[in-house]
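Visitor: Let me begin by handing over the structure; questions about it come next.
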Amino acid sequence: MNPTTRTPGPVGGGTGRAGDRHRRPRFPRPNGTGGGIGAGGRHVMVVDLSYGDAGKGTVVDWLCATRPVHTVIRFNGGAQAAHNVVLRDGRHHTFAQFGAGTFRPGVRTHLARQVVVDPLALAAEAEHLAAVGVPDALDRLTVDGEALLATPYHRAANRARELARGDDRHGSCGLGVGETMAYALSHPDEAPRVADCHNPVVLRRRLTALADRLTAELGPLDAPPVEDCLPAFTGFAERVTIVDRTYLAGVLRAGTCVFEGAQGVLLDEWHGFHPYTTWSTTTFANAEALLAEAGLAGQAERLGVLRTVTTRHGPGPLVTEDPTLPLADPHNPTNPWQGRFRFGHFDAVAHRYALDVVGGVDGLALTHLDLADRGLDLRICRRYSTPDELAPGGPDGSVTDRLVPVGPDGSATDRLVPVDPDGSATDRLVPGGPDGSVTERLVPGDPGGPVPGRALDPLMPRRPGGSAPDPGFDPLVPGPAGDLDRQAALTARLLDARPVYDPGTPEDWPEAVSVALDVPVVLTSHSPTAEGKVEWARALPTPVA
């Protein structure tokens, strides 16, 4: 990704600074005073606060099974999404482009303009849905004409680049989504879009230019001739309903909508751990933008999804990875592009970072509680141990003076960082220069929030409320969107980090996660089906302001 040619959105999904909203006003209790998640026609946005695969699909299916949902809106990613839904009768589908509520009669899908649409993959997905009892999926689909069109040429180029990386693969899904985004950035006026499928002349010209450019750069592509692709794309336009961006405002006023995110926040194009990221904004930002365009800014609840274990499909940082865990995921097998599916203990450090990036959530959906019922030795990690870490503070948990490395490479040019014994934030020395160089400066503490300027010390500890250092928490701190050099440096540190676990396995996982992340768990999933979900009216240990 080239930060000079892309336009990043702000931290916090476009609504406020990082760290302000780990705890938003929680969902009303389902006792007649509000009805819980999505009650009263409220829209719900569902986002994965990990590396993907946390269970967004099963959560969206549950929402559609228990609420009068009108439409599921996909707002990022493309055909590389893999949201698994299992019904009580055993039917299963991996939702890629269709909304994960499609098993539920009448629930529609809308692919917003931020989605990369692959008509060929969509047709195959519709065929599988028909085979498992959903013959009308395409009839319930609308697609924004401005959405980018993924083609066999994008897919072939994507795979050629990934193969050329050898042992340094990024973990691409091999479906051409990133290639589609990259081409659109380089050739914004010539990139094929969904609306072009209505105009064969324009589409032929754009597909030919695309194929010629990629072939000139990469050599012969493993893709069919343009003339063989045209009938499939024009047939797609005849079969589905293609709309303009004004259409969605009516949908949002017609009934409850669920915004279904793809991938995970830790893979975000700007705030993920570069280069092991996706070419997609995986925060709430796109959904918030669509709501704002419809005059409904802020009119949706934010639901974050996490597993009881932290997982990752493919290479990249996974600090808590534990190969000894006796776990497997039948829906995420090893494949030639992403590689193996990896398991680790619950990484509260990484998930708190994701919460900072998105600006907080209203509640958490915690999936895979059945793993806790198996008696496995599953832990929670709330801090990391790194080669440049020194004194952690008082043995009783009190906050004492700490040694914090300030060298740009993390080497030992260390300074004392004074903190009041009562834990309040005072002036402290932190790294200064925007490029990470050592230009130390005093930065005043902020009792009510994150310390300004601390983003260059991504492992600076603080208390759960964000006001003062705490040896029990080492939060990663989001930097400015678009600074991929910083994200790459953070990736390097994470690859060297080691987890420090809380003692023992939590007896009450929802409570333990709520405390660790300072957010209430409002939904737990104990099996893949909607019937295996339990909704909670769970309060935090301290009152929500």
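Each chain in the structure tokens gets a letter, A, B and so on, in the order shown; residues start at 1 in every chain, and ligands are counted from 1 in the order they appear.
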Within 9 Å of segment 225-234 of chain A, counting only C-alpha atoms, which residues show up once you throw out same-chain ones fewer than 3 positions away? Write them as JSON, numbers by chain, please.

Guide: {"A": [119, 120, 151, 152, 194, 196, 197, 198, 199, 200, 203, 204, 207, 208, 211, 237, 238, 239]}

Visitor: Give me the residues within 9 Å of Ala112 of chain A as a ChimeraX atom specification, counting only C-alpha atoms and dropping any in the same chain fewer than 6 places off.

Guide: /A:73-76,142-147,245,248,290

Visitor: Would you mind listing what lies within 9 Å of Val177 of chain A as a list of chain:residue names, with only C-alpha atoms counted and same-chain residues fewer than 2 positions away left out?

Guide: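 Near neighbours after the sequence-gap exclusion: A:Gly77, A:Gly78, A:Ala79, A:Gln80, A:Val116, A:Val117, A:Asp118, A:Ala150, A:His154, A:Arg155, A:Asn158, A:Cys173, A:Gly174, A:Leu175, A:Glu179, A:Thr180, A:Met181, A:Ala182, A:Thr278, A:Trp279, A:Ser280.
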
Visitor: Can those selected residues be exported to a file as a short mmCIF file (atom, residue, chain, number, x, y, z; two decimals), in the first residue's frame so that it contains N, CA and C atoms?

Guide:
data_model
loop_
_atom_site.label_atom_id
_atom_site.label_comp_id
_atom_site.auth_asym_id
_atom_site.auth_seq_id
_atom_site.Cartn_x
_atom_site.Cartn_y
_atom_site.Cartn_z
N GLY A 77 -14.53 -5.03 2.22
CA GLY A 77 -14.06 -6.34 1.79
C GLY A 77 -14.69 -6.79 0.48
N GLY A 78 -14.69 -8.10 0.27
CA GLY A 78 -15.22 -8.66 -0.96
C GLY A 78 -15.38 -10.15 -0.82
N ALA A 79 -15.06 -10.87 -1.89
CA ALA A 79 -15.29 -12.31 -1.93
C ALA A 79 -14.35 -13.09 -1.01
N GLN A 80 -13.36 -12.42 -0.42
CA GLN A 80 -12.46 -13.14 0.47
C GLN A 80 -13.05 -13.34 1.86
N VAL A 116 -15.87 -4.70 -2.76
CA VAL A 116 -15.32 -5.13 -4.05
C VAL A 116 -16.14 -6.34 -4.50
N VAL A 117 -16.88 -6.18 -5.59
CA VAL A 117 -17.86 -7.18 -6.01
C VAL A 117 -17.27 -8.09 -7.08
N ASP A 118 -17.37 -9.38 -6.85
CA ASP A 118 -16.88 -10.40 -7.78
C ASP A 118 -18.09 -11.17 -8.30
N ALA A 150 -14.29 -6.90 -9.24
CA ALA A 150 -13.16 -7.81 -9.23
C ALA A 150 -13.29 -8.77 -10.41
N HIS A 154 -7.59 -9.43 -12.01
CA HIS A 154 -7.16 -9.04 -10.67
C HIS A 154 -6.74 -10.26 -9.87
N ARG A 155 -7.53 -11.31 -9.96
CA ARG A 155 -7.22 -12.51 -9.18
C ARG A 155 -5.89 -13.13 -9.62
N ASN A 158 -3.00 -10.93 -8.44
CA ASN A 158 -2.84 -11.09 -6.99
C ASN A 158 -2.04 -12.36 -6.67
N CYS A 173 -5.63 -13.90 0.51
CA CYS A 173 -6.60 -14.96 0.22
C CYS A 173 -6.55 -15.38 -1.25
N GLY A 174 -5.84 -14.62 -2.09
CA GLY A 174 -5.68 -15.00 -3.49
C GLY A 174 -6.89 -14.76 -4.36
N LEU A 175 -7.79 -13.85 -3.93
CA LEU A 175 -9.02 -13.61 -4.69
C LEU A 175 -9.03 -12.26 -5.41
N GLU A 179 -5.73 -6.36 -5.23
CA GLU A 179 -5.31 -5.98 -6.58
C GLU A 179 -6.35 -5.05 -7.21
N THR A 180 -7.62 -5.33 -6.96
CA THR A 180 -8.70 -4.49 -7.49
C THR A 180 -8.59 -3.08 -6.91
N MET A 181 -8.35 -2.99 -5.60
CA MET A 181 -8.21 -1.69 -4.95
C MET A 181 -6.98 -0.94 -5.48
N ALA A 182 -5.88 -1.66 -5.63
CA ALA A 182 -4.64 -1.02 -6.10
C ALA A 182 -4.81 -0.47 -7.51
N THR A 278 -5.12 -6.24 5.21
CA THR A 278 -6.01 -6.30 4.06
C THR A 278 -6.09 -4.91 3.41
N TRP A 279 -6.54 -4.85 2.17
CA TRP A 279 -6.75 -3.58 1.47
C TRP A 279 -8.18 -3.11 1.73
N SER A 280 -8.55 -3.03 2.97
CA SER A 280 -9.93 -2.69 3.30
C SER A 280 -9.97 -1.98 4.63
#

Visitor: In Å, with one decimal, what is the gap from atom CA of Glu260 of chain A to atom CA of Val59 of chain A?

Guide: 9.5 Å

Visitor: Using Å and a single decimal, report how far atom CA of Arg498 of chain A sits from atom CA of Ser385 of chain A.

Guide: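 That distance, rounded to one decimal, is 5.0 Å.
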
Visitor: Name the closest residue to Lys533 of chain A among the candidates A:Pro135, A:Arg91, A:Val258, A:Leu369; distances are taken between atoms, counting only C-alpha atoms.

Guide: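 Comparing A:Pro135, A:Arg91, A:Val258, A:Leu369 against Lys533 of chain A, the winner is A:Leu369.
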
Visitor: Can you check which residues of segment 158-326 of chain A DSSP gives as strand (DSSP E) on the backbone and send them as an NGL selection string?

Guide: :A and (241-243 or 256-260 or 300-307 or 310-313)

Visitor: For the structure I just gave you, how does DSSP split segment 76-126 of chain A - specifically, which residues are alpha helix (DSSP H)? Reply as a ChimeraX atom specification.

Guide: /A:119-126

Visitor: Once you have the residues from the selection above, write them out as a CSV table (one decimal), in the first residue's frame, restricted to N, CA and C atoms.

Guide:
chain,number,residue,atom,x,y,z
A,119,PRO,N,-18.6,-10.8,-9.5
A,119,PRO,CA,-19.8,-11.5,-10.0
A,119,PRO,C,-19.7,-13.0,-10.2
A,120,LEU,N,-18.5,-13.4,-10.6
A,120,LEU,CA,-18.3,-14.8,-10.8
A,120,LEU,C,-18.4,-15.6,-9.5
A,121,ALA,N,-17.7,-15.1,-8.5
A,121,ALA,CA,-17.8,-15.8,-7.2
A,121,ALA,C,-19.2,-15.7,-6.6
A,122,LEU,N,-19.9,-14.6,-6.9
A,122,LEU,CA,-21.2,-14.4,-6.4
A,122,LEU,C,-22.2,-15.4,-7.0
A,123,ALA,N,-22.0,-15.7,-8.3
A,123,ALA,CA,-22.8,-16.7,-8.9
A,123,ALA,C,-22.6,-18.1,-8.3
A,124,ALA,N,-21.4,-18.4,-8.0
A,124,ALA,CA,-21.1,-19.7,-7.4
A,124,ALA,C,-21.7,-19.8,-6.0
A,125,GLU,N,-21.6,-18.7,-5.3
A,125,GLU,CA,-22.2,-18.6,-3.9
A,125,GLU,C,-23.7,-18.8,-4.0
A,126,ALA,N,-24.3,-18.2,-5.0
A,126,ALA,CA,-25.8,-18.3,-5.1
A,126,ALA,C,-26.2,-19.7,-5.4

Visitor: Excluding Ala65 of chain A and residues on its chain fewer than 3 positions from it, collect all residues at most 10 Å away from it, counting only C-alpha atoms, and give them as a list in words.

Guide: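 So, after excluding close chain neighbours, the residues are Val59, Val60, Asp61, Trp62, Pro68, Val69, Gly101, Phe103, Arg104, Pro105, Val107, Ala530 and Glu531 of chain A.
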
Visitor: Using Å and a single decimal, report how far atom CA of Thr529 of chain A sits from atom CA of Leu378 of chain A.

Guide: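 Those two atoms sit 23.0 Å apart.
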
Visitor: With distances taken over only C-alpha atoms, which residue among A:Ala262, A:Ala100, A:Arg113, A:Pro528 lies nearest His331 of chain A?

Guide: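 So, comparing all the options, the nearest one is A:Pro528.
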
Visitor: Between A:Ala216, A:Ala160, A:Val305, A:Leu490, which one has atoms that come closest to Lys56 of chain A, using only C-alpha atoms?

Guide: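 Closest candidate: A:Val305.
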